[in-house]
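Here is the file run26.txt (compact mmCIF, C-alpha atoms and all ligand atoms).
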# COMPACT_ATOMS: atom_id res chain seq x y z
CA MET A 1199 -9.37 242.92 -30.39
CA ARG A 1200 -7.94 245.34 -32.98
CA THR A 1201 -4.34 246.42 -32.45
CA LEU A 1202 -2.18 248.96 -34.28
CA ASP A 1203 -0.90 247.97 -37.71
CA VAL A 1204 2.36 249.79 -38.40
CA SER A 1205 2.04 249.27 -42.16
CA LYS A 1206 -1.07 251.51 -42.12
CA ILE A 1207 0.37 254.29 -39.95
CA PRO A 1208 2.42 257.03 -41.64
CA LYS A 1209 5.87 257.53 -40.13
CA PRO A 1210 5.87 260.58 -37.83
CA ASN A 1211 8.47 263.29 -37.77
CA PHE A 1212 10.86 261.83 -35.19
CA ASP A 1213 14.62 261.33 -34.97
CA PHE A 1214 14.64 257.52 -35.04
CA GLU A 1215 18.44 257.31 -35.50
CA ARG A 1216 19.24 259.50 -32.50
CA PHE A 1217 16.66 257.63 -30.43
CA LYS A 1218 18.38 254.34 -31.27
CA VAL A 1219 21.68 255.73 -30.04
CA TRP A 1220 20.10 257.17 -26.88
CA ARG A 1221 18.24 254.00 -25.98
CA ASN A 1222 20.43 251.81 -23.80
CA GLN A 1223 19.24 248.22 -24.13
CA ASN A 1224 20.78 247.37 -20.74
CA THR A 1225 18.52 249.73 -18.81
CA LYS A 1226 14.88 249.41 -17.86
CA PHE A 1227 12.61 251.31 -20.21
CA PHE A 1228 9.40 253.18 -19.39
CA ILE A 1229 6.93 255.22 -21.40
CA GLU A 1230 4.61 258.02 -20.31
CA ILE A 1231 1.71 258.81 -22.61
CA GLY A 1232 0.09 262.23 -22.42
CA CYS A 1233 2.62 263.71 -20.02
CA GLY A 1234 1.24 267.25 -20.44
CA VAL A 1235 3.81 269.81 -19.28
CA GLY A 1236 6.06 267.06 -17.97
CA ARG A 1237 5.92 267.33 -14.19
CA HIS A 1238 5.81 263.56 -13.64
CA PRO A 1239 8.41 262.33 -16.15
CA ILE A 1240 10.93 265.00 -15.10
CA GLN A 1241 10.61 264.09 -11.42
CA TRP A 1242 10.53 260.39 -12.24
CA ALA A 1243 13.69 260.63 -14.37
CA LYS A 1244 15.48 262.33 -11.48
CA ASN A 1245 14.40 259.62 -9.01
CA ASN A 1246 15.19 256.74 -11.38
CA PRO A 1247 18.54 257.63 -12.97
CA GLU A 1248 19.25 253.97 -13.80
CA CYS A 1249 16.14 253.78 -16.05
CA GLN A 1250 15.10 255.56 -19.25
CA ILE A 1251 11.73 257.14 -19.97
CA LEU A 1252 10.14 258.21 -23.24
CA ALA A 1253 7.58 260.92 -22.43
CA ILE A 1254 5.02 261.63 -25.15
CA GLU A 1255 2.66 264.58 -25.52
CA ARG A 1256 0.64 265.40 -28.64
CA THR A 1257 -0.60 268.91 -27.80
CA SER A 1258 1.85 271.54 -29.07
CA ASP A 1259 1.55 274.17 -26.33
CA LYS A 1260 1.86 271.58 -23.55
CA PHE A 1261 4.78 269.92 -25.27
CA GLU A 1262 6.58 273.24 -25.69
CA LYS A 1263 6.22 273.97 -21.96
CA PHE A 1264 7.48 270.46 -21.19
CA GLU A 1265 10.53 270.95 -23.43
CA ARG A 1266 11.31 274.33 -21.85
CA ARG A 1267 11.13 272.86 -18.32
CA LEU A 1268 13.31 269.93 -19.31
CA THR A 1269 15.90 272.23 -20.91
CA SER A 1270 15.94 274.40 -17.81
CA HIS A 1271 16.48 271.33 -15.55
CA ARG A 1272 19.27 270.09 -17.82
CA THR A 1273 20.93 273.51 -17.81
CA LYS A 1274 20.90 273.63 -14.01
CA PHE A 1275 21.94 269.97 -13.57
CA PRO A 1276 23.85 268.95 -16.73
CA THR A 1277 24.62 265.43 -15.51
CA GLN A 1278 20.96 264.68 -14.75
CA TYR A 1279 17.84 264.25 -16.88
CA GLN A 1280 19.71 262.61 -19.77
CA ASN A 1281 17.52 259.52 -19.22
CA ILE A 1282 14.38 261.26 -20.49
CA TRP A 1283 13.34 261.61 -24.13
CA ALA A 1284 10.64 264.16 -24.86
CA ALA A 1285 8.52 263.32 -27.92
CA HIS A 1286 5.94 265.60 -29.50
CA ALA A 1287 3.67 262.97 -31.00
CA GLU A 1288 0.47 261.00 -30.87
CA ALA A 1289 1.48 257.83 -29.01
CA ALA A 1290 -0.63 255.61 -31.28
CA VAL A 1291 1.33 256.91 -34.28
CA LEU A 1292 4.84 257.01 -32.82
CA LEU A 1293 5.02 253.84 -30.74
CA PRO A 1294 4.35 251.29 -33.52
CA HIS A 1295 7.31 252.72 -35.45
CA LEU A 1296 9.71 252.25 -32.54
CA LYS A 1297 9.54 248.45 -32.70
CA LEU A 1298 9.59 247.99 -28.94
CA SER A 1299 7.82 244.66 -28.52
CA PRO A 1300 8.05 243.28 -25.92
CA LEU A 1301 10.66 245.41 -24.25
CA VAL A 1302 8.85 247.91 -22.10
CA ASP A 1303 8.99 247.66 -18.31
CA GLY A 1304 6.24 250.11 -17.51
CA ILE A 1305 3.79 252.59 -19.03
CA PHE A 1306 2.22 255.58 -17.29
CA TYR A 1307 -0.99 257.18 -18.51
CA PHE A 1308 -2.14 259.81 -16.04
CA TYR A 1309 -5.47 261.56 -16.47
CA PRO A 1310 -6.18 260.90 -20.14
CA ASN A 1311 -9.17 262.93 -21.31
CA PRO A 1312 -11.99 260.50 -20.57
CA GLU A 1313 -14.57 262.85 -22.08
CA ALA A 1314 -12.93 262.67 -25.51
CA LYS A 1315 -15.71 262.59 -28.09
CA ALA A 1316 -13.89 260.44 -30.62
CA LYS A 1317 -14.21 256.87 -29.39
CA ASN A 1318 -10.74 255.90 -30.56
CA ARG A 1319 -9.35 258.58 -28.24
CA GLN A 1320 -10.67 256.65 -25.24
CA LEU A 1321 -8.05 254.13 -24.17
CA ALA A 1322 -10.59 251.34 -23.53
CA GLU A 1323 -11.95 251.73 -27.07
CA SER A 1324 -8.64 252.27 -28.79
CA PRO A 1325 -6.36 249.78 -30.58
CA LEU A 1326 -3.62 251.48 -28.52
CA LEU A 1327 -4.60 249.40 -25.46
CA PRO A 1328 -3.90 245.94 -26.98
CA PHE A 1329 -0.80 247.43 -28.55
CA LEU A 1330 0.46 248.54 -25.11
CA PHE A 1331 -0.14 244.97 -23.90
CA GLU A 1332 2.02 243.69 -26.78
CA ILE A 1333 4.99 245.97 -26.10
CA LEU A 1334 5.14 245.35 -22.35
CA LYS A 1335 7.52 242.71 -21.07
CA PRO A 1336 5.90 239.83 -19.20
CA GLY A 1337 5.55 241.25 -15.69
CA GLY A 1338 5.47 244.82 -17.11
CA ARG A 1339 2.88 247.28 -15.83
CA LEU A 1340 0.49 249.85 -17.21
CA LEU A 1341 -0.51 252.43 -14.59
CA VAL A 1342 -3.54 254.60 -15.35
CA ALA A 1343 -4.96 257.37 -13.16
CA SER A 1344 -8.23 259.23 -13.58
CA ASN A 1345 -10.67 261.36 -11.63
CA VAL A 1346 -13.54 259.47 -13.29
CA ALA A 1347 -14.21 256.19 -11.46
CA SER A 1348 -16.34 254.78 -14.30
CA TYR A 1349 -13.46 255.36 -16.73
CA ILE A 1350 -11.17 253.19 -14.60
CA ASP A 1351 -13.87 250.48 -14.25
CA GLY A 1352 -14.53 250.41 -18.00
CA LEU A 1353 -10.83 250.27 -18.75
CA ALA A 1354 -10.29 247.39 -16.31
CA ARG A 1355 -13.05 245.34 -17.97
CA VAL A 1356 -11.51 245.70 -21.44
CA ALA A 1357 -7.98 245.18 -20.10
CA ILE A 1358 -8.97 241.82 -18.57
CA ALA A 1359 -10.36 240.70 -21.94
CA ILE A 1360 -7.01 241.58 -23.55
CA GLY A 1361 -5.03 239.55 -21.00
CA PHE A 1362 -3.98 242.09 -18.40
CA LYS A 1363 -4.27 241.25 -14.72
CA PRO A 1364 -5.66 244.44 -13.19
CA SER A 1365 -5.21 245.24 -9.52
CA VAL A 1366 -8.02 246.72 -7.48
CA ALA A 1367 -8.41 250.43 -8.24
CA THR A 1368 -7.09 252.54 -5.39
CA GLN A 1369 -7.97 256.07 -4.41
CA ILE A 1370 -5.10 258.54 -4.47
CA SER A 1371 -4.52 260.31 -1.20
CA SER A 1372 -4.84 264.07 -1.17
CA VAL A 1373 -2.09 264.11 1.46
CA GLY A 1374 1.37 264.23 -0.05
CA SER A 1375 2.75 265.53 -3.27
CA PRO A 1376 0.66 265.28 -6.45
CA ARG A 1377 2.56 263.68 -9.31
CA THR A 1378 1.09 265.70 -12.16
CA HIS A 1379 -0.52 269.08 -12.82
CA PHE A 1380 -3.94 267.57 -13.33
CA GLU A 1381 -3.64 265.42 -10.20
CA LYS A 1382 -2.88 268.60 -8.25
CA LYS A 1383 -5.80 270.45 -9.84
CA TYR A 1384 -8.29 267.64 -9.24
CA LEU A 1385 -7.23 266.93 -5.66
CA GLU A 1386 -7.26 270.64 -4.77
CA ARG A 1387 -10.81 271.02 -5.99
CA GLY A 1388 -11.86 267.97 -3.97
CA ASP A 1389 -12.24 265.36 -6.72
CA ALA A 1390 -11.58 261.74 -5.84
CA CYS A 1391 -8.74 260.43 -8.01
CA PHE A 1392 -8.16 256.76 -8.71
CA GLU A 1393 -5.44 254.65 -10.21
CA ILE A 1394 -5.25 251.12 -11.47
CA GLU A 1395 -2.18 249.06 -12.22
CA MET A 1396 -2.54 246.44 -14.93
CA ILE A 1397 0.09 243.74 -15.20
CA LYS A 1398 1.01 241.66 -18.22
CA PRO A 1399 1.24 238.15 -16.76
CA GLN A 1400 4.59 236.30 -16.88
C1 LIG B 1 -5.84 265.91 -18.99
S1 LIG B 1 -4.23 266.07 -19.67
C2 LIG B 1 -3.20 265.36 -18.40
C3 LIG B 1 -1.75 265.72 -18.56
C4 LIG B 1 -0.82 265.11 -17.50
N1 LIG B 1 -0.79 263.66 -17.63
C5 LIG B 1 -1.26 265.49 -16.13
O1 LIG B 1 -1.80 264.62 -15.42
O2 LIG B 1 -1.07 266.66 -15.76
C6 LIG B 1 -4.21 264.76 -20.88
C7 LIG B 1 -3.05 264.95 -21.85
O3 LIG B 1 -2.77 263.72 -22.47
C8 LIG B 1 -2.45 263.96 -23.81
N2 LIG B 1 -2.69 262.68 -24.50
C9 LIG B 1 -3.73 261.84 -24.28
N3 LIG B 1 -3.63 260.76 -25.07
C10 LIG B 1 -2.49 260.91 -25.79
C11 LIG B 1 -1.86 260.13 -26.79
N4 LIG B 1 -2.42 259.00 -27.20
N5 LIG B 1 -0.70 260.55 -27.32
C12 LIG B 1 -0.15 261.72 -26.90
N6 LIG B 1 -0.71 262.52 -25.97
C13 LIG B 1 -1.86 262.13 -25.41
C14 LIG B 1 -3.37 265.09 -24.22
O4 LIG B 1 -2.82 265.83 -25.29
C15 LIG B 1 -3.38 265.92 -22.95
O5 LIG B 1 -2.38 266.92 -22.97
Go ahead and render the structure in this file as C-alpha cells.
Amino acid sequence: MRTLDVSKIPKPNFDFERFKVWRNQNTKFFIEIGCGVGRHPIQWAKNNPECQILAIERTSDKFEKFERRLTSHRTKFPTQYQNIWAAHAEAAVLLPHLKLSPLVDGIFYFYPNPEAKAKNRQLAESPLLPFLFEILKPGGRLLVASNVASYIDGLARVAIAIGFKPSVATQISSVGSPRTHFEKKYLERGDACFEIEMIKPQ
C-alpha cells in the first residue's frame, strides 16, 4: 500500500518553529482532519485541557470562520483554548512534514466528502490512510464518521488490509448534541450517520 513520501511533497506555508515550541511532548496529541468551521475541535479542546489538538482544514472560507471562532473563544476565555492549533492546509501535505511518527494518540475525520471525484481525495483510496496508521501510537485510534454507510464499509475493508483493527460501525444517535456542523445538518434532515473507530494494534 502506497504511503506519503515526504521527499516528494513540497513544504507548505506553516510556522514549523512555533509549532515545535507549542507542542508539549508530555501531553497526549490528537489531530482532526477536515474540521470545517471548527465546532468539534473547539469543544473538544475545552473538554480535554490536558491534551493538545492540531485541527486542519484546507478550504479557505471554512478555515477563516474557524479561526474567527477560535479567536473569539480565546478572547472571552484567555486561559482556555491554548491547546488547539488551527492549520490551514491539506493534511496529506502538512502532516508528513511534521515528523510525528508514531506519536499521535488519536485522529478524527468527521464527514469527509465521500463523493469527491478525485480518487486520491477518498480516504480509502489515498496514501493518507496508511500514513495515518504510521503516525498513530500503538493503541492509537482513528475515528471516522459519515452519512454514507458504504463509505464506512469500504474504508473498513482497506483499513484492515493496512493493519488497523476496526470496530463495528455504529449509528450516531439523533438524540443529544451533534459534534459538528455537518453532523447537525445530516441528523436534522433525517440521514443516518455512522462512525467507525479503527485501532492501531499494540
Ligand atoms: C463535509 S465537510 C465536514 C466538515 C466538518 N468535519 C463537519 O463535520 O462539519 C468536509 C471538510 O473536510 C475538509 N477536508 C477533507 N479532507 C481534508 C484533508 N485531507 N485536508 C484538509 N481538509 C480536508 C474539506 O475541505 C471540507 O471542508
Please compute the CA of Met1199 (chain A)-CA of Glu1323 (chain A) distance, one decimal, in Å.
9.8 Å
Just how far from CA of Val1291 (chain A) is CA of Pro1208 (chain A), in Å to one decimal?
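According to the coordinates, CA of Pro1208 (chain A) and CA of Val1291 (chain A) are separated by 7.4 Å.
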Determine, for each residue of chain A having at least one atom at most 7 Å from an atom of ligand LIG 1 (chain B), the closest pair of atoms and their separation in Å to one decimal, counting all atoms listed in the file; order by chain and ascending number, as JSON lines.
{"residue": "A:Ile1231", "atom": "CA", "partner": "B:LIG1", "partner_atom": "C12", "distance": 5.5}
{"residue": "A:Gly1232", "atom": "CA", "partner": "B:LIG1", "partner_atom": "O3", "distance": 3.2}
{"residue": "A:Cys1233", "atom": "CA", "partner": "B:LIG1", "partner_atom": "N1", "distance": 4.2}
{"residue": "A:Gly1234", "atom": "CA", "partner": "B:LIG1", "partner_atom": "C3", "distance": 3.8}
{"residue": "A:Val1235", "atom": "CA", "partner": "B:LIG1", "partner_atom": "O2", "distance": 6.8}
{"residue": "A:Ile1254", "atom": "CA", "partner": "B:LIG1", "partner_atom": "C12", "distance": 5.5}
{"residue": "A:Glu1255", "atom": "CA", "partner": "B:LIG1", "partner_atom": "N6", "distance": 4.0}
{"residue": "A:Arg1256", "atom": "CA", "partner": "B:LIG1", "partner_atom": "C12", "distance": 4.1}
{"residue": "A:Thr1257", "atom": "CA", "partner": "B:LIG1", "partner_atom": "O4", "distance": 4.6}
{"residue": "A:Lys1260", "atom": "CA", "partner": "B:LIG1", "partner_atom": "O5", "distance": 6.3}
{"residue": "A:Ala1287", "atom": "CA", "partner": "B:LIG1", "partner_atom": "C12", "distance": 5.7}
{"residue": "A:Glu1288", "atom": "CA", "partner": "B:LIG1", "partner_atom": "N5", "distance": 3.8}
{"residue": "A:Ala1289", "atom": "CA", "partner": "B:LIG1", "partner_atom": "N5", "distance": 3.9}
{"residue": "A:Ala1290", "atom": "CA", "partner": "B:LIG1", "partner_atom": "N4", "distance": 5.6}
{"residue": "A:Tyr1307", "atom": "CA", "partner": "B:LIG1", "partner_atom": "N1", "distance": 6.5}
{"residue": "A:Phe1308", "atom": "CA", "partner": "B:LIG1", "partner_atom": "N1", "distance": 4.4}
{"residue": "A:Tyr1309", "atom": "CA", "partner": "B:LIG1", "partner_atom": "C2", "distance": 4.8}
{"residue": "A:Pro1310", "atom": "CA", "partner": "B:LIG1", "partner_atom": "C6", "distance": 4.4}
{"residue": "A:Asn1311", "atom": "CA", "partner": "B:LIG1", "partner_atom": "C1", "distance": 5.0}
{"residue": "A:Arg1319", "atom": "CA", "partner": "B:LIG1", "partner_atom": "N3", "distance": 6.9}
{"residue": "A:Thr1378", "atom": "CA", "partner": "B:LIG1", "partner_atom": "O2", "distance": 4.3}
{"residue": "A:His1379", "atom": "CA", "partner": "B:LIG1", "partner_atom": "O2", "distance": 3.8}
{"residue": "A:Phe1380", "atom": "CA", "partner": "B:LIG1", "partner_atom": "O2", "distance": 3.9}
{"residue": "A:Glu1381", "atom": "CA", "partner": "B:LIG1", "partner_atom": "O1", "distance": 5.6}
Spatial sel., origin (14.1, 262.2, -24.5), limit 12 Å, all atoms listed in the file, listed as a PyMOL selection string:
chain A and resi 1212-1214+1216-1221+1227-1230+1236+1239-1240+1243+1250-1255+1264-1265+1268-1269+1272+1279-1286
Test item: residues at most 12 Å from Asp1203 (chain A), only C-alpha atoms, excluding those fewer than 3 positions along its chain, as a list in words
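Once the nearby chain positions are removed, what remains is Arg1200, Lys1206, Ile1207, Pro1208, Lys1209, Ala1290, Val1291, Leu1292, Leu1293, Pro1294, His1295, Lys1297, Pro1325, Leu1326, Pro1328 and Phe1329 of chain A.
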Quick one: residues within 9 Å of region 1394-1399 of chain A, all atoms listed in the file counted, chain neighbours fewer than 6 positions away excluded, as a ChimeraX atom specification?
/A:1331-1332,1334-1344,1350,1354,1357-1358,1361-1368
One decimal, Å: what's the distance from CA of Arg1267 (chain A) over to CA of Leu1385 (chain A), could you say?
23.1 Å
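Within the 7 Å cut-off around Cys1391 (chain A), using only C-alpha atoms and omitting residues fewer than 5 positions from it on the same chain, the listed residues are Ser1344, Asn1345, Gln1369 and Ile1370 of chain A.
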Those residues you just picked out, can you put them in a file as a PDB file, in the frame of the given file with C-alpha atoms?
ATOM      1  CA  SER A1344      -8.230 259.230 -13.580  1.00  0.00           C
ATOM      2  CA  ASN A1345     -10.670 261.360 -11.630  1.00  0.00           C
ATOM      3  CA  GLN A1369      -7.970 256.070  -4.410  1.00  0.00           C
ATOM      4  CA  ILE A1370      -5.100 258.540  -4.470  1.00  0.00           C
TER       5      ILE A1370
END
Taking into account only C-alpha atoms, which residue in the set A:Ala1359, A:Ala1390, A:Leu1327, A:Cys1249 is nearest to Ser1372 (chain A)?
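Closest to Ser1372 (chain A), using only C-alpha atoms: A:Ala1390.
The closest residue to Thr1277 (chain A), picked from A:Phe1261, A:Arg1355, A:Pro1247, A:Phe1306 and counting only C-alpha atoms, is A:Pro1247.
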Hey, can I get the axis-aligned box for region 1259-1270 of chain A? All listed atoms, 3 Å padding on each side, centre and edge lengths in Å to one decimal, as AutoDock Vina command-line options.
--center_x 8.7 --center_y 272.2 --center_z -22.1 --size_x 20.4 --size_y 10.5 --size_z 14.5
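If you measure from each of A:Pro1276, A:Ser1324, A:His1238, A:Leu1296 to Lys1382 (chain A) using all atoms listed in the file, the closest one turns out to be A:His1238.
Proximity to Thr1225 (chain A) was assessed for A:Glu1248, A:Asp1351, A:Asp1259, A:Glu1386 counting only C-alpha atoms; the smallest distance is recorded for A:Glu1248.
When all atoms listed in the file are used to measure the gap to Lys1226 (chain A), the shortest distance among A:Val1302, A:Thr1273, A:Pro1210, A:Gln1400 belongs to A:Val1302.
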Given the choices A:Ser1299, A:Arg1237, A:Leu1321, A:Asn1245, which gets closest to Val1356 (chain A) if the distance is worked out from all atoms listed in the file?
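Of the candidates, the smallest distance to Val1356 (chain A) is held by A:Leu1321.
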Kindly add all heavy atoms to the incomplete region 1214-1225 of chain A and provide the output as a PDB file, in the frame of the given file.
ATOM      1  N   PHE A1214      14.525 258.943 -35.382  1.00  0.00           N
ATOM      2  CA  PHE A1214      14.640 257.520 -35.040  1.00  0.00           C
ATOM      3  C   PHE A1214      16.107 257.116 -34.822  1.00  0.00           C
ATOM      4  O   PHE A1214      16.404 256.317 -33.951  1.00  0.00           O
ATOM      5  CB  PHE A1214      14.022 256.648 -36.140  1.00  0.00           C
ATOM      6  CG  PHE A1214      12.526 256.775 -36.195  1.00  0.00           C
ATOM      7  CD1 PHE A1214      11.927 257.681 -37.053  1.00  0.00           C
ATOM      8  CD2 PHE A1214      11.719 256.000 -35.368  1.00  0.00           C
ATOM      9  CE1 PHE A1214      10.547 257.822 -37.086  1.00  0.00           C
ATOM     10  CE2 PHE A1214      10.336 256.137 -35.395  1.00  0.00           C
ATOM     11  CZ  PHE A1214       9.754 257.041 -36.260  1.00  0.00           C
ATOM     12  N   GLU A1215      17.023 257.692 -35.611  1.00  0.00           N
ATOM     13  CA  GLU A1215      18.440 257.310 -35.500  1.00  0.00           C
ATOM     14  C   GLU A1215      19.014 257.744 -34.163  1.00  0.00           C
ATOM     15  O   GLU A1215      19.684 256.975 -33.485  1.00  0.00           O
ATOM     16  CB  GLU A1215      19.256 257.958 -36.656  1.00  0.00           C
ATOM     17  CG  GLU A1215      19.068 257.250 -37.986  1.00  0.00           C
ATOM     18  CD  GLU A1215      19.269 255.725 -37.885  1.00  0.00           C
ATOM     19  OE1 GLU A1215      20.303 255.311 -37.353  1.00  0.00           O
ATOM     20  OE2 GLU A1215      18.373 254.975 -38.322  1.00  0.00           O
ATOM     21  N   ARG A1216      18.709 258.988 -33.776  1.00  0.00           N
ATOM     22  CA  ARG A1216      19.240 259.500 -32.500  1.00  0.00           C
ATOM     23  C   ARG A1216      18.608 258.743 -31.326  1.00  0.00           C
ATOM     24  O   ARG A1216      19.251 258.446 -30.338  1.00  0.00           O
ATOM     25  CB  ARG A1216      18.966 261.011 -32.395  1.00  0.00           C
ATOM     26  CG  ARG A1216      19.940 261.730 -31.466  1.00  0.00           C
ATOM     27  CD  ARG A1216      19.929 263.233 -31.723  1.00  0.00           C
ATOM     28  NE  ARG A1216      18.660 263.851 -31.412  1.00  0.00           N
ATOM     29  CZ  ARG A1216      18.268 264.176 -30.191  1.00  0.00           C
ATOM     30  NH1 ARG A1216      19.025 263.936 -29.143  1.00  0.00           N
ATOM     31  NH2 ARG A1216      17.102 264.746 -30.004  1.00  0.00           N
ATOM     32  N   PHE A1217      17.342 258.396 -31.486  1.00  0.00           N
ATOM     33  CA  PHE A1217      16.660 257.630 -30.430  1.00  0.00           C
ATOM     34  C   PHE A1217      17.338 256.276 -30.230  1.00  0.00           C
ATOM     35  O   PHE A1217      17.536 255.831 -29.108  1.00  0.00           O
ATOM     36  CB  PHE A1217      15.174 257.441 -30.798  1.00  0.00           C
ATOM     37  CG  PHE A1217      14.395 256.683 -29.761  1.00  0.00           C
ATOM     38  CD1 PHE A1217      13.929 257.315 -28.613  1.00  0.00           C
ATOM     39  CD2 PHE A1217      14.128 255.332 -29.927  1.00  0.00           C
ATOM     40  CE1 PHE A1217      13.218 256.607 -27.645  1.00  0.00           C
ATOM     41  CE2 PHE A1217      13.421 254.619 -28.958  1.00  0.00           C
ATOM     42  CZ  PHE A1217      12.958 255.267 -27.825  1.00  0.00           C
ATOM     43  N   LYS A1218      17.728 255.653 -31.331  1.00  0.00           N
ATOM     44  CA  LYS A1218      18.380 254.340 -31.270  1.00  0.00           C
ATOM     45  C   LYS A1218      19.709 254.434 -30.507  1.00  0.00           C
ATOM     46  O   LYS A1218      20.053 253.556 -29.723  1.00  0.00           O
ATOM     47  CB  LYS A1218      18.659 253.839 -32.688  1.00  0.00           C
ATOM     48  CG  LYS A1218      18.188 252.415 -32.910  1.00  0.00           C
ATOM     49  CD  LYS A1218      18.003 252.129 -34.355  1.00  0.00           C
ATOM     50  CE  LYS A1218      19.149 251.396 -34.983  1.00  0.00           C
ATOM     51  NZ  LYS A1218      18.978 251.202 -36.414  1.00  0.00           N
ATOM     52  N   VAL A1219      20.408 255.531 -30.724  1.00  0.00           N
ATOM     53  CA  VAL A1219      21.680 255.730 -30.040  1.00  0.00           C
ATOM     54  C   VAL A1219      21.440 256.006 -28.550  1.00  0.00           C
ATOM     55  O   VAL A1219      22.130 255.489 -27.671  1.00  0.00           O
ATOM     56  CB  VAL A1219      22.460 256.913 -30.686  1.00  0.00           C
ATOM     57  CG1 VAL A1219      23.719 257.259 -29.897  1.00  0.00           C
ATOM     58  CG2 VAL A1219      22.782 256.585 -32.136  1.00  0.00           C
ATOM     59  N   TRP A1220      20.420 256.805 -28.272  1.00  0.00           N
ATOM     60  CA  TRP A1220      20.100 257.170 -26.880  1.00  0.00           C
ATOM     61  C   TRP A1220      19.646 255.968 -26.071  1.00  0.00           C
ATOM     62  O   TRP A1220      20.040 255.783 -24.933  1.00  0.00           O
ATOM     63  CB  TRP A1220      18.993 258.233 -26.889  1.00  0.00           C
ATOM     64  CG  TRP A1220      18.416 258.546 -25.541  1.00  0.00           C
ATOM     65  CD1 TRP A1220      18.954 259.375 -24.586  1.00  0.00           C
ATOM     66  CD2 TRP A1220      17.179 258.054 -24.993  1.00  0.00           C
ATOM     67  NE1 TRP A1220      18.116 259.420 -23.484  1.00  0.00           N
ATOM     68  CE2 TRP A1220      17.026 258.621 -23.721  1.00  0.00           C
ATOM     69  CE3 TRP A1220      16.183 257.187 -25.463  1.00  0.00           C
ATOM     70  CZ2 TRP A1220      15.928 258.365 -22.886  1.00  0.00           C
ATOM     71  CZ3 TRP A1220      15.084 256.919 -24.646  1.00  0.00           C
ATOM     72  CH2 TRP A1220      14.966 257.504 -23.382  1.00  0.00           C
ATOM     73  N   ARG A1221      18.849 255.129 -26.686  1.00  0.00           N
ATOM     74  CA  ARG A1221      18.240 254.000 -25.980  1.00  0.00           C
ATOM     75  C   ARG A1221      19.293 252.967 -25.601  1.00  0.00           C
ATOM     76  O   ARG A1221      19.953 252.396 -26.474  1.00  0.00           O
ATOM     77  CB  ARG A1221      17.166 253.386 -26.904  1.00  0.00           C
ATOM     78  CG  ARG A1221      16.497 252.140 -26.396  1.00  0.00           C
ATOM     79  CD  ARG A1221      15.548 252.390 -25.251  1.00  0.00           C
ATOM     80  NE  ARG A1221      15.224 251.094 -24.647  1.00  0.00           N
ATOM     81  CZ  ARG A1221      15.715 250.685 -23.478  1.00  0.00           C
ATOM     82  NH1 ARG A1221      16.472 251.453 -22.747  1.00  0.00           N
ATOM     83  NH2 ARG A1221      15.409 249.488 -23.031  1.00  0.00           N
ATOM     84  N   ASN A1222      19.450 252.768 -24.305  1.00  0.00           N
ATOM     85  CA  ASN A1222      20.430 251.810 -23.800  1.00  0.00           C
ATOM     86  C   ASN A1222      19.708 250.502 -23.474  1.00  0.00           C
ATOM     87  O   ASN A1222      18.912 250.446 -22.548  1.00  0.00           O
ATOM     88  CB  ASN A1222      21.088 252.414 -22.538  1.00  0.00           C
ATOM     89  CG  ASN A1222      22.067 251.463 -21.901  1.00  0.00           C
ATOM     90  OD1 ASN A1222      22.137 250.285 -22.253  1.00  0.00           O
ATOM     91  ND2 ASN A1222      22.838 251.980 -20.968  1.00  0.00           N
ATOM     92  N   GLN A1223      19.990 249.483 -24.258  1.00  0.00           N
ATOM     93  CA  GLN A1223      19.240 248.220 -24.130  1.00  0.00           C
ATOM     94  C   GLN A1223      19.475 247.546 -22.779  1.00  0.00           C
ATOM     95  O   GLN A1223      18.735 246.642 -22.404  1.00  0.00           O
ATOM     96  CB  GLN A1223      19.618 247.242 -25.257  1.00  0.00           C
ATOM     97  CG  GLN A1223      19.311 247.760 -26.658  1.00  0.00           C
ATOM     98  CD  GLN A1223      17.826 247.994 -26.930  1.00  0.00           C
ATOM     99  OE1 GLN A1223      16.969 247.368 -26.322  1.00  0.00           O
ATOM    100  NE2 GLN A1223      17.511 248.913 -27.829  1.00  0.00           N
ATOM    101  N   ASN A1224      20.503 247.999 -22.041  1.00  0.00           N
ATOM    102  CA  ASN A1224      20.780 247.370 -20.740  1.00  0.00           C
ATOM    103  C   ASN A1224      20.039 248.042 -19.586  1.00  0.00           C
ATOM    104  O   ASN A1224      20.232 247.672 -18.441  1.00  0.00           O
ATOM    105  CB  ASN A1224      22.290 247.408 -20.435  1.00  0.00           C
ATOM    106  CG  ASN A1224      23.039 246.620 -21.484  1.00  0.00           C
ATOM    107  OD1 ASN A1224      22.606 245.551 -21.899  1.00  0.00           O
ATOM    108  ND2 ASN A1224      24.160 247.172 -21.938  1.00  0.00           N
ATOM    109  N   THR A1225      19.244 249.065 -19.894  1.00  0.00           N
ATOM    110  CA  THR A1225      18.520 249.730 -18.810  1.00  0.00           C
ATOM    111  C   THR A1225      17.029 249.457 -18.942  1.00  0.00           C
ATOM    112  O   THR A1225      16.537 249.182 -20.039  1.00  0.00           O
ATOM    113  CB  THR A1225      18.709 251.270 -18.838  1.00  0.00           C
ATOM    114  OG1 THR A1225      18.115 251.725 -20.060  1.00  0.00           O
ATOM    115  CG2 THR A1225      20.134 251.688 -18.798  1.00  0.00           C
TER     116      THR A1225
END
